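What follows is the content of protein39.txt (compact mmCIF, C-alpha atoms and all ligand atoms).
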# COMPACT_ATOMS: atom_id res chain seq x y z
CA MET L 204 35.93 -6.39 14.07
CA ILE L 205 32.74 -8.00 15.22
CA ARG L 206 33.38 -9.44 18.63
CA SER L 207 33.08 -13.19 18.96
CA ALA L 208 29.88 -14.42 20.48
CA SER L 209 31.69 -16.05 23.41
CA ALA L 210 30.30 -13.60 25.95
CA PHE L 211 27.04 -13.01 24.14
CA ASP L 212 24.56 -15.41 22.68
CA SER L 213 23.28 -13.56 19.63
CA ARG L 214 20.31 -15.91 19.36
CA LEU L 215 19.14 -15.04 22.86
CA ARG L 216 16.16 -12.67 22.87
CA ALA L 217 14.12 -10.97 25.55
CA CYS L 218 10.68 -10.32 24.06
CA PRO L 219 10.20 -6.53 23.74
CA ASP L 220 6.53 -6.87 24.70
CA CYS L 221 6.67 -9.35 27.60
CA ASP L 222 10.40 -9.85 28.47
CA LEU L 223 10.19 -13.63 28.07
CA LEU L 224 13.72 -14.94 27.58
CA GLN L 225 13.97 -17.27 24.60
CA ARG L 226 16.27 -18.45 21.88
CA LEU L 227 15.65 -17.66 18.21
CA PRO L 228 15.17 -20.86 16.23
CA PRO L 229 16.67 -21.15 12.75
CA VAL L 230 14.07 -19.39 10.59
CA PRO L 231 13.87 -20.03 6.84
CA ALA L 232 13.93 -16.97 4.57
CA GLY L 233 10.43 -15.50 4.54
CA GLY L 234 9.58 -17.00 7.92
CA VAL L 235 8.88 -15.30 11.25
CA ALA L 236 9.97 -16.19 14.79
CA GLN L 237 7.33 -15.19 17.31
CA CYS L 238 7.45 -14.85 21.07
CA ALA L 239 6.35 -18.13 22.64
CA ARG L 240 4.18 -16.29 25.16
CA CYS L 241 2.71 -13.17 23.52
CA GLN L 242 3.30 -13.78 19.79
CA ALA L 243 5.23 -10.57 19.28
CA PRO L 244 7.32 -10.98 16.11
CA LEU L 245 10.96 -11.36 17.21
CA TRP L 246 12.60 -11.86 13.85
CA ARG L 247 11.20 -11.65 10.34
CA HIS L 248 13.79 -13.30 8.16
CA LYS L 249 13.65 -11.42 4.86
CA PRO L 250 14.98 -13.07 1.71
CA ASP L 251 17.60 -11.11 -0.26
CA SER L 252 17.13 -8.21 2.16
CA LEU L 253 20.02 -5.88 1.22
CA ARG L 254 19.59 -5.84 -2.56
CA ARG L 255 15.81 -5.49 -2.47
CA THR L 256 15.93 -2.76 0.17
CA LEU L 257 18.57 -0.88 -1.83
CA ALA L 258 16.49 -0.95 -5.02
CA LEU L 259 13.33 0.18 -3.21
CA ALA L 260 15.16 2.93 -1.29
CA LEU L 261 16.69 4.31 -4.49
CA ALA L 262 13.30 4.37 -6.19
CA GLY L 263 11.84 5.98 -3.06
CA ALA L 264 14.47 8.74 -3.10
CA ILE L 265 13.62 9.61 -6.71
CA LEU L 266 9.88 9.64 -6.05
CA TRP L 267 10.39 11.80 -2.94
CA LEU L 268 12.25 14.38 -5.04
CA ILE L 269 9.51 14.49 -7.67
CA ALA L 270 6.70 14.53 -5.11
CA ASN L 271 8.15 17.57 -3.36
CA THR L 272 8.89 19.67 -6.45
CA VAL L 273 5.84 19.35 -8.71
CA PRO L 274 2.36 20.73 -7.85
CA MET L 275 0.09 18.47 -5.84
CA LEU L 276 -3.30 20.15 -5.99
CA GLY L 277 -4.76 22.92 -8.06
CA LEU L 278 -7.88 24.98 -7.72
CA SER L 279 -9.77 26.81 -10.41
CA VAL L 280 -12.56 29.24 -9.62
CA ALA L 281 -13.93 32.21 -11.56
CA GLY L 282 -11.01 32.15 -13.98
CA ARG L 283 -8.39 32.09 -11.25
CA GLU L 284 -6.05 29.20 -10.66
CA ALA L 285 -3.97 28.38 -7.61
CA PHE L 286 -1.59 25.45 -7.10
CA THR L 287 0.04 24.07 -4.00
CA THR L 288 2.77 21.57 -3.20
CA VAL L 289 3.18 19.71 0.10
CA PHE L 290 5.55 22.47 1.17
CA GLY L 291 2.94 25.05 0.16
CA GLY L 292 0.66 23.60 2.84
CA VAL L 293 3.42 24.08 5.41
CA LEU L 294 3.95 27.69 4.30
CA ALA L 295 0.24 28.48 4.50
CA MET L 296 0.08 27.25 8.11
CA TRP L 297 3.25 29.17 8.97
CA ARG L 298 2.03 32.43 7.43
CA ASP L 299 -1.28 32.21 9.29
CA GLY L 300 0.48 32.07 12.64
CA ARG L 301 0.33 28.33 13.33
CA GLN L 302 4.08 27.72 13.30
CA GLU L 303 3.92 24.68 15.62
CA VAL L 304 1.46 22.94 13.32
CA ALA L 305 3.46 23.97 10.24
CA MET L 306 6.60 22.37 11.69
CA LEU L 307 4.70 19.20 12.61
CA VAL L 308 3.35 18.90 9.06
CA LEU L 309 6.80 19.64 7.61
CA PHE L 310 8.35 16.95 9.78
CA THR L 311 5.75 14.21 9.30
CA ALA L 312 5.05 14.74 5.59
CA VAL L 313 8.43 15.86 4.20
CA ILE L 314 11.42 15.45 6.55
CA ALA L 315 10.60 12.14 8.26
CA PRO L 316 9.98 10.27 4.96
CA ALA L 317 13.24 11.73 3.59
CA LEU L 318 15.20 10.66 6.69
CA GLU L 319 13.58 7.25 6.51
CA ILE L 320 14.81 6.77 2.94
CA VAL L 321 18.27 8.34 3.40
CA CYS L 322 19.07 6.45 6.63
CA LEU L 323 18.09 3.10 5.19
CA LEU L 324 19.87 3.82 1.91
CA ALA L 325 23.11 4.59 3.78
CA VAL L 326 22.67 1.52 5.99
CA VAL L 327 22.22 -0.94 3.12
CA LEU L 328 25.09 0.62 1.15
CA ALA L 329 27.42 0.36 4.16
CA LEU L 330 26.31 -3.19 4.92
CA ARG L 331 27.63 -4.40 1.59
CA ARG L 332 30.97 -4.62 3.37
CA PRO L 333 31.36 -7.73 5.55
CA SER L 334 31.72 -5.62 8.70
CA ALA L 335 30.09 -2.22 8.80
CA PRO L 336 31.43 0.60 11.02
CA HIS L 337 29.62 1.57 14.19
CA TRP L 338 27.99 4.73 12.80
CA VAL L 339 25.82 2.51 10.63
CA GLY L 340 24.18 1.40 13.85
CA MET L 341 23.36 5.02 14.71
CA LEU L 342 21.70 5.48 11.32
CA LEU L 343 19.74 2.27 11.82
CA ARG L 344 18.60 3.58 15.19
CA GLY L 345 17.57 6.86 13.56
CA TYR L 346 15.61 4.97 10.92
CA GLU L 347 13.64 3.04 13.57
CA LEU L 348 12.93 6.26 15.50
CA VAL L 349 11.73 8.29 12.54
CA ARG L 350 9.53 5.62 10.95
CA GLU L 351 6.63 6.18 13.30
CA TRP L 352 6.55 9.89 12.41
CA SER L 353 6.65 9.40 8.67
CA MET L 354 3.00 9.88 7.73
CA ILE L 355 2.66 10.19 3.96
CA GLU L 356 -0.24 7.73 3.83
CA ILE L 357 -2.17 9.75 6.41
CA MET L 358 -1.36 12.99 4.59
CA LEU L 359 -2.71 11.55 1.33
CA LEU L 360 -5.99 10.62 2.99
CA GLY L 361 -6.08 14.15 4.43
CA VAL L 362 -5.55 15.62 0.96
CA LEU L 363 -8.41 13.48 -0.35
CA VAL L 364 -10.75 14.79 2.37
CA ALA L 365 -9.62 18.37 1.71
CA LEU L 366 -10.26 17.81 -1.99
CA ILE L 367 -13.85 16.65 -1.35
CA LYS L 368 -14.45 19.60 0.97
CA ILE L 369 -13.22 22.09 -1.62
CA ALA L 370 -14.93 20.42 -4.58
CA GLU L 371 -18.22 22.03 -3.51
CA LEU L 372 -16.72 25.50 -3.88
CA ALA L 373 -14.37 25.23 -6.83
CA THR L 374 -12.98 22.93 -9.48
CA VAL L 375 -10.11 20.89 -8.07
CA ILE L 376 -7.24 19.82 -10.34
CA PRO L 377 -5.20 16.88 -9.05
CA GLY L 378 -1.48 17.40 -9.69
CA LEU L 379 1.26 14.95 -10.60
CA ALA L 380 2.64 14.90 -7.04
CA LEU L 381 -0.60 13.37 -5.82
CA PHE L 382 -0.01 10.23 -7.90
CA VAL L 383 3.72 10.14 -7.13
CA LEU L 384 2.94 10.33 -3.40
CA GLY L 385 0.48 7.47 -3.80
CA ALA L 386 3.24 5.35 -5.35
CA LEU L 387 5.68 6.46 -2.63
CA VAL L 388 3.35 5.14 0.10
CA PHE L 389 3.57 1.64 -1.41
CA LEU L 390 7.33 1.93 -2.00
CA LEU L 391 8.01 2.93 1.62
CA ALA L 392 5.88 0.04 2.89
CA ALA L 393 7.71 -2.38 0.58
CA MET L 394 11.09 -0.94 1.62
CA ALA L 395 10.34 -1.48 5.33
CA ALA L 396 9.04 -4.97 4.59
CA ALA L 397 12.16 -5.94 2.62
CA PHE L 398 14.64 -4.88 5.30
CA ASP L 399 15.87 -7.42 7.87
CA THR L 400 16.88 -5.59 11.07
CA HIS L 401 18.21 -8.71 12.81
CA LEU L 402 20.63 -9.57 9.99
CA ALA L 403 21.71 -5.93 9.74
CA TRP L 404 22.67 -5.66 13.43
CA ALA L 405 24.67 -8.88 13.15
CA ARG L 406 26.96 -7.19 10.60
CA ILE L 407 27.57 -3.92 12.43
CA GLU L 408 30.66 -3.38 14.58
CA TRP L 409 30.12 -3.21 18.30
CA ALA L 410 30.16 0.10 20.13
CA ASP L 411 32.05 -1.13 23.15
CA GLU L 412 35.02 -3.45 23.04
CA ARG L 413 35.30 -3.88 26.79
CA PRO L 414 34.58 -7.45 27.82
CA LEU L 415 31.44 -7.73 29.90
CA PRO L 416 30.87 -10.37 32.54
CA GLY L 417 30.28 -13.68 30.78
CA GLU L 418 26.85 -15.16 30.55
CA ARG L 419 25.63 -17.67 33.02
CA SER L 420 24.29 -20.81 31.46
CA THR L 421 21.08 -20.08 29.61
CA ALA L 422 20.81 -23.53 28.09
CA CYS L 423 17.32 -24.15 29.49
CA VAL L 424 15.84 -21.11 27.74
CA PRO L 425 12.93 -22.13 25.48
CA GLU L 426 12.91 -21.58 21.73
CA ALA L 427 10.67 -18.97 20.17
CA ARG L 428 7.81 -20.12 17.96
CA ARG L 429 8.26 -20.34 14.27
CA MET T 193 7.01 -30.76 31.53
CA SER T 194 7.11 -27.34 30.00
CA ALA T 195 9.52 -24.89 31.58
CA THR T 196 7.91 -22.02 33.51
CA PRO T 197 8.28 -18.79 31.56
CA VAL T 198 11.32 -16.86 32.73
CA SER T 199 11.61 -13.12 32.19
CA ALA T 200 15.00 -11.70 31.33
CA MET T 201 14.68 -9.31 34.27
CA SER T 202 14.41 -12.14 36.82
CA LEU T 203 17.87 -13.34 35.66
CA GLY T 204 19.36 -9.83 35.76
CA LEU T 205 19.41 -9.68 31.95
CA ALA T 206 18.16 -6.80 29.83
CA GLY T 207 17.14 -6.97 26.18
CA CYS T 208 18.31 -3.90 24.26
CA GLU T 209 15.30 -1.97 22.95
CA VAL T 210 17.20 -0.89 19.84
CA CYS T 211 19.18 -3.91 18.62
CA GLY T 212 17.72 -6.75 20.67
CA LEU T 213 21.01 -7.96 22.18
CA VAL T 214 20.60 -9.48 25.65
CA SER T 215 23.20 -8.28 28.17
CA ARG T 216 23.77 -8.84 31.86
CA LEU T 217 23.26 -5.73 33.97
CA PRO T 218 25.85 -5.24 36.72
CA VAL T 219 24.47 -5.28 40.25
CA GLY T 220 24.13 -1.92 41.97
CA GLY T 221 22.30 0.11 39.34
CA VAL T 222 25.34 1.41 37.43
CA VAL T 223 24.44 3.12 34.15
CA THR T 224 25.10 0.56 31.44
CA HIS T 225 25.04 0.88 27.69
CA CYS T 226 24.40 -1.83 25.15
CA PRO T 227 27.82 -3.07 24.01
CA ARG T 228 26.59 -3.50 20.46
CA CYS T 229 24.57 -0.36 19.66
CA GLY T 230 25.36 1.97 22.58
CA GLU T 231 21.75 2.47 23.69
CA ARG T 232 21.28 2.84 27.44
CA LEU T 233 20.07 -0.42 28.96
CA HIS T 234 17.10 -0.65 31.28
CA LEU T 235 15.28 -3.58 32.79
CA ARG T 236 12.12 -1.50 32.27
CA ARG T 237 11.60 1.92 30.67
CA PRO T 238 12.43 4.49 33.38
CA ALA T 239 9.51 5.96 35.35
CA SER T 240 7.21 4.43 32.76
CA ILE T 241 3.97 4.67 34.74
CA GLU T 242 4.56 8.22 36.02
CA ARG T 243 5.59 9.61 32.62
CA THR T 244 2.76 7.90 30.78
CA TRP T 245 0.20 9.20 33.30
CA ALA T 246 1.59 12.74 33.00
CA LEU T 247 1.32 12.65 29.20
CA VAL T 248 -2.17 11.08 29.26
CA ILE T 249 -3.46 13.76 31.62
CA ALA T 250 -1.84 16.56 29.59
CA ALA T 251 -3.37 15.15 26.39
CA LEU T 252 -6.78 14.89 28.07
CA ILE T 253 -6.58 18.56 29.06
CA LEU T 254 -5.66 19.61 25.49
CA TYR T 255 -8.44 17.40 24.12
CA VAL T 256 -11.07 19.83 25.46
CA PRO T 257 -9.96 23.02 23.60
CA ALA T 258 -9.05 20.86 20.60
CA ASN T 259 -12.72 19.98 20.23
CA LEU T 260 -14.31 23.23 21.40
CA LEU T 261 -12.18 25.77 19.50
CA PRO T 262 -12.57 26.22 15.74
CA VAL T 263 -10.00 24.54 13.49
CA LEU T 264 -10.95 26.48 10.36
CA SER T 265 -12.27 30.01 9.79
CA THR T 266 -13.72 30.87 6.38
CA TYR T 267 -13.79 34.53 5.30
CA THR T 268 -15.90 35.98 2.50
CA PRO T 269 -16.86 39.60 1.76
CA LEU T 270 -20.18 38.81 3.45
CA GLY T 271 -18.58 37.80 6.75
CA SER T 272 -16.81 34.91 8.41
CA ASP T 273 -17.71 31.43 9.54
CA THR T 274 -15.84 29.10 11.90
CA ALA T 275 -15.93 25.32 12.22
CA THR T 276 -14.77 22.95 14.97
CA ILE T 277 -13.62 19.40 14.19
CA MET T 278 -17.13 18.04 14.80
CA GLU T 279 -18.73 20.74 12.62
CA GLY T 280 -16.25 19.78 9.90
CA VAL T 281 -17.46 16.19 10.11
CA VAL T 282 -21.10 17.30 9.86
CA GLU T 283 -20.30 19.52 6.86
CA LEU T 284 -18.68 16.56 5.13
CA TRP T 285 -21.76 14.39 5.64
CA SER T 286 -23.51 14.14 2.26
CA PRO T 287 -24.97 11.29 0.15
CA SER T 288 -21.67 10.97 -1.74
CA SER T 289 -19.02 11.71 0.87
CA TRP T 290 -20.40 10.18 4.10
CA PRO T 291 -17.74 7.43 4.19
CA LEU T 292 -15.07 10.13 4.43
CA ALA T 293 -17.09 11.85 7.16
CA ILE T 294 -17.02 8.61 9.15
CA ILE T 295 -13.25 8.23 8.60
CA VAL T 296 -12.61 11.79 9.82
CA PHE T 297 -14.90 11.25 12.81
CA VAL T 298 -13.13 8.03 13.79
CA ALA T 299 -9.63 9.46 13.27
CA SER T 300 -10.25 12.80 15.02
CA ILE T 301 -12.68 12.00 17.82
CA THR T 302 -12.80 8.23 18.45
CA ILE T 303 -9.10 7.36 18.11
CA PRO T 304 -7.64 10.07 20.40
CA LEU T 305 -10.26 9.43 23.09
CA GLY T 306 -10.04 5.65 22.70
CA LYS T 307 -6.27 5.87 22.99
CA LEU T 308 -6.46 7.86 26.23
CA ILE T 309 -9.03 5.44 27.71
CA ALA T 310 -6.95 2.42 26.65
CA LEU T 311 -3.74 3.86 28.14
CA ALA T 312 -5.53 4.76 31.39
CA TYR T 313 -6.90 1.21 31.59
CA LEU T 314 -3.45 -0.30 30.96
CA LEU T 315 -1.87 1.96 33.58
CA ILE T 316 -4.52 1.25 36.22
CA SER T 317 -4.43 -2.51 35.62
CA VAL T 318 -0.62 -2.51 35.94
CA GLN T 319 -0.73 -0.38 39.09
CA ARG T 320 -3.31 -2.71 40.65
CA GLY T 321 -1.08 -5.66 39.80
CA SER T 322 -3.79 -7.34 37.76
CA VAL T 323 -2.96 -10.89 36.68
CA LYS T 324 -5.91 -11.24 34.32
CA SER T 325 -6.08 -11.05 30.53
CA THR T 326 -2.40 -10.28 30.01
CA GLU T 327 -2.52 -11.35 26.37
CA GLN T 328 -5.58 -9.20 25.61
CA ARG T 329 -3.91 -6.22 27.26
CA VAL T 330 -0.69 -6.55 25.27
CA ARG T 331 -2.81 -6.88 22.12
CA LEU T 332 -4.67 -3.69 23.09
CA TYR T 333 -1.31 -1.94 23.54
CA ARG T 334 -0.12 -3.02 20.08
CA MET T 335 -3.38 -1.85 18.52
CA VAL T 336 -3.13 1.57 20.19
CA LYS T 337 0.46 1.90 18.93
CA PHE T 338 -0.52 0.88 15.40
CA ILE T 339 -3.69 2.96 14.94
CA GLY T 340 -2.75 6.02 17.01
CA ARG T 341 -0.86 7.92 14.29
CA TRP T 342 -3.99 8.12 12.12
CA SER T 343 -5.43 10.85 14.35
CA MET T 344 -3.05 13.22 12.51
CA LEU T 345 -5.60 13.10 9.66
CA ASP T 346 -7.48 16.26 10.60
CA VAL T 347 -4.25 18.28 10.89
CA PHE T 348 -3.48 17.43 7.26
CA VAL T 349 -7.05 18.15 6.12
CA ASP T 350 -6.93 21.60 7.72
CA THR T 351 -3.47 22.31 6.30
CA PHE T 352 -4.45 21.69 2.70
CA VAL T 353 -7.85 23.39 2.94
CA VAL T 354 -6.00 26.48 4.21
CA ALA T 355 -3.31 26.19 1.53
CA LEU T 356 -5.79 25.97 -1.33
CA ILE T 357 -8.59 28.32 -0.44
CA GLN T 358 -6.59 31.55 -0.70
CA LEU T 359 -8.71 33.56 -3.13
CA ARG T 360 -8.52 36.94 -1.46
CA PRO T 361 -10.73 38.98 -1.47
CA LEU T 362 -13.30 36.52 -2.77
CA MET T 363 -12.86 33.82 -0.18
CA TRP T 364 -10.07 32.57 2.07
CA VAL T 365 -9.58 30.20 4.96
CA GLU T 366 -7.37 30.54 8.03
CA PRO T 367 -6.52 27.89 10.62
CA GLY T 368 -8.19 28.31 14.02
CA ALA T 369 -6.57 27.88 17.44
CA GLY T 370 -8.14 24.43 17.82
CA VAL T 371 -5.71 22.92 15.36
CA ILE T 372 -2.72 23.66 17.68
CA PHE T 373 -4.39 21.92 20.61
CA PHE T 374 -5.42 19.04 18.39
CA ALA T 375 -1.88 18.58 17.06
CA GLY T 376 -0.74 18.66 20.69
CA VAL T 377 -3.12 15.82 21.57
CA VAL T 378 -1.78 13.72 18.68
CA VAL T 379 1.88 14.25 19.59
CA LEU T 380 1.39 13.76 23.35
CA THR T 381 -0.59 10.53 22.91
CA MET T 382 2.03 9.13 20.51
CA VAL T 383 4.82 9.93 23.00
CA ALA T 384 2.71 8.48 25.85
CA VAL T 385 2.35 5.16 24.02
CA ASN T 386 6.14 5.00 23.64
CA CYS T 387 6.67 5.79 27.35
CA PHE T 388 4.47 2.91 28.47
CA ASP T 389 6.40 -0.32 28.91
CA PRO T 390 4.26 -3.32 27.87
CA ARG T 391 6.56 -5.66 29.82
CA LEU T 392 5.00 -4.23 33.01
CA ILE T 393 1.77 -6.05 32.09
CA TRP T 394 3.47 -9.40 32.67
CA ASP T 395 5.68 -8.57 35.62
CA LEU T 396 3.44 -9.18 38.58
CA PRO T 397 1.66 -12.36 37.52
CA GLN T 398 5.04 -13.93 37.01
CA GLN T 399 6.38 -12.90 40.42
CA GLU T 400 3.27 -14.38 42.02
CA LYS T 401 3.66 -17.62 40.15
CA GLN T 402 7.22 -17.88 41.35
CA GLY T 403 6.13 -17.07 44.90
CA ASN T 404 3.54 -19.83 44.81
CA ALA T 405 5.90 -22.41 43.44
ZN ZN Z 501 6.49 -11.86 24.32
ZN ZN Z 502 21.68 -2.56 21.57
If you convert what's in this file into structure tokens, what do you get?
Amino acid sequence: MIRSASAFDSRLRACPDCDLLQRLPPVPAGGVAQCARCQAPLWRHKPDSLRRTLALALAGAILWLIANTVPMLGLSVAGREAFTTVFGGVLAMWRDGRQEVAMLVLFTAVIAPALEIVCLLAVVLALRRPSAPHWVGMLLRGYELVREWSMIEIMLLGVLVALIKIAELATVIPGLALFVLGALVFLLAAMAAAFDTHLAWARIEWADERPLPGERSTACVPEARR
Amino acid sequence: MSATPVSAMSLGLAGCEVCGLVSRLPVGGVVTHCPRCGERLHLRRPASIERTWALVIAALILYVPANLLPVLSTYTPLGSDTATIMEGVVELWSPSSWPLAIIVFVASITIPLGKLIALAYLLISVQRGSVKSTEQRVRLYRMVKFIGRWSMLDVFVDTFVVALIQLRPLMWVEPGAGVIFFAGVVVLTMVAVNCFDPRLIWDLPQQEKQGNA
């Protein structure tokens, strides 16, 4: 069960960027509550968050599968053709003795986007119940951690630069995965924008049932900006 | 009268960095975990200044070989040719592709260096207890956090050039040692940004205000 808010004021926030203590005002769907001192966004209230995130995450999972199975770039020179996928880039780095770089590319271009989609998909599916078990919180934490390392948009720009560099030497054939990855960049951005972290945490069971010392009066705490 | 800004720390409260819940920390420095999500609670990120400095200095050291060593080596039957990051930018400079050359230059040279300078400035200003331009400094921190990941660009460029140009014995490309150091700079600076606690920027001015009151 979700513990009653008697000991904790769930509207109380300490700004992550400046530690100013404030209370979240009621925010209409689509609105943002900002820190009264440094304007850090404290809560973006997303309309219809769970259903929209679920749809976008499902679409993202399908696109991820396609993007990592079909060829991304081809090269044709003197009658010879060579194709590569995203994973092919990782293998090339690995084979040439740059294993650290190969693992970094594998993580940022393949694994992190997959974790991002899978974690959020599991979270929104579990949140359809009125009270989600505690492990949903761990997945949500994983999602927040991995997001920064998911770099498909940067990889695509890198592919574009590589393409221009190679175009002087050989004919470059763009593959289907290139376009699918382009669509995936927009889907991942839309998925993150549709998800409401604040509402999600409010529906997840607490880790610790022990009562903590009750709050002192925080009635004089200012409201965050809307 | 508007209330003076009160930090959660001054009331013995800590905002959870994962779920945002505000909890009271027990007196005496006992290890406490967020009752909602289980994350360890801190008033400030532990050893923030020391860890960030260590990562900034390590990244600065790697930045030198990252720029001096070749990132790509091209082999043909006639011989081999190597290129550093900067030489790659120059090669890319042509009437049609100069915008991309500028993007690669900014992402590979300007952003990593700018990030290190910005972090050093934030660290020094916090250590000196500066009370000035707190809002500009927190905005600088957010910008560094937002833009920093784009310095991975050159790692991806090198990866796909290597993956595609494999036409042995006609022509092939291998990654140089510079790419390892460069990837190291990117990872270390990203971790450094996460080690720095922006709340430190505001801590001292507030204590002084309270002292004056
Ligand atoms: Zn703030
Ligand atoms: Zn928490």
(request) All residues within 6 Å of ligand ZN 501 (chain Z) are required, counting all atoms listed in the file; please report them as a PyMOL selection string. (result) chain L and resi 218+220-221+223+238+240-243
(message) Taking only C-alpha atoms into account and nothing else, which residues of chain T lie no more than 8 Å away from chain L? Please answer as a VMD selection string.
(response) chain T and resid 195 197 to 201 206 to 207 209 to 216 226 to 230 284 289 292 327 330 341 to 342 344 to 357 366 to 367 371 to 372 375 389 to 394
Once you add 4 Å to each side, what are the centre and edge lengths of the axis-aligned box holding all listed atoms of segment 393-412 of chain L? One decimal in Å, as JSON, if you can.
{"center_x": 21.4, "center_y": -4.7, "center_z": 11.9, "size_x": 35.3, "size_y": 17.7, "size_z": 30.6}
(request) Give the answer as one residue: which of T:Thr196, T:Trp245, T:Thr224, T:Lys324 has the shortest atom-to-atom distance to Ala312 of chain T, using all atoms listed in the file? (result) T:Trp245
(message) Using all atoms listed in the file, can you tell me which of L:Ala264, L:Val383, L:Ala329, L:Ile355 comes closest to Leu309 of chain L?
(response)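 Smallest separation from Leu309 of chain L among the options: L:Ile355.
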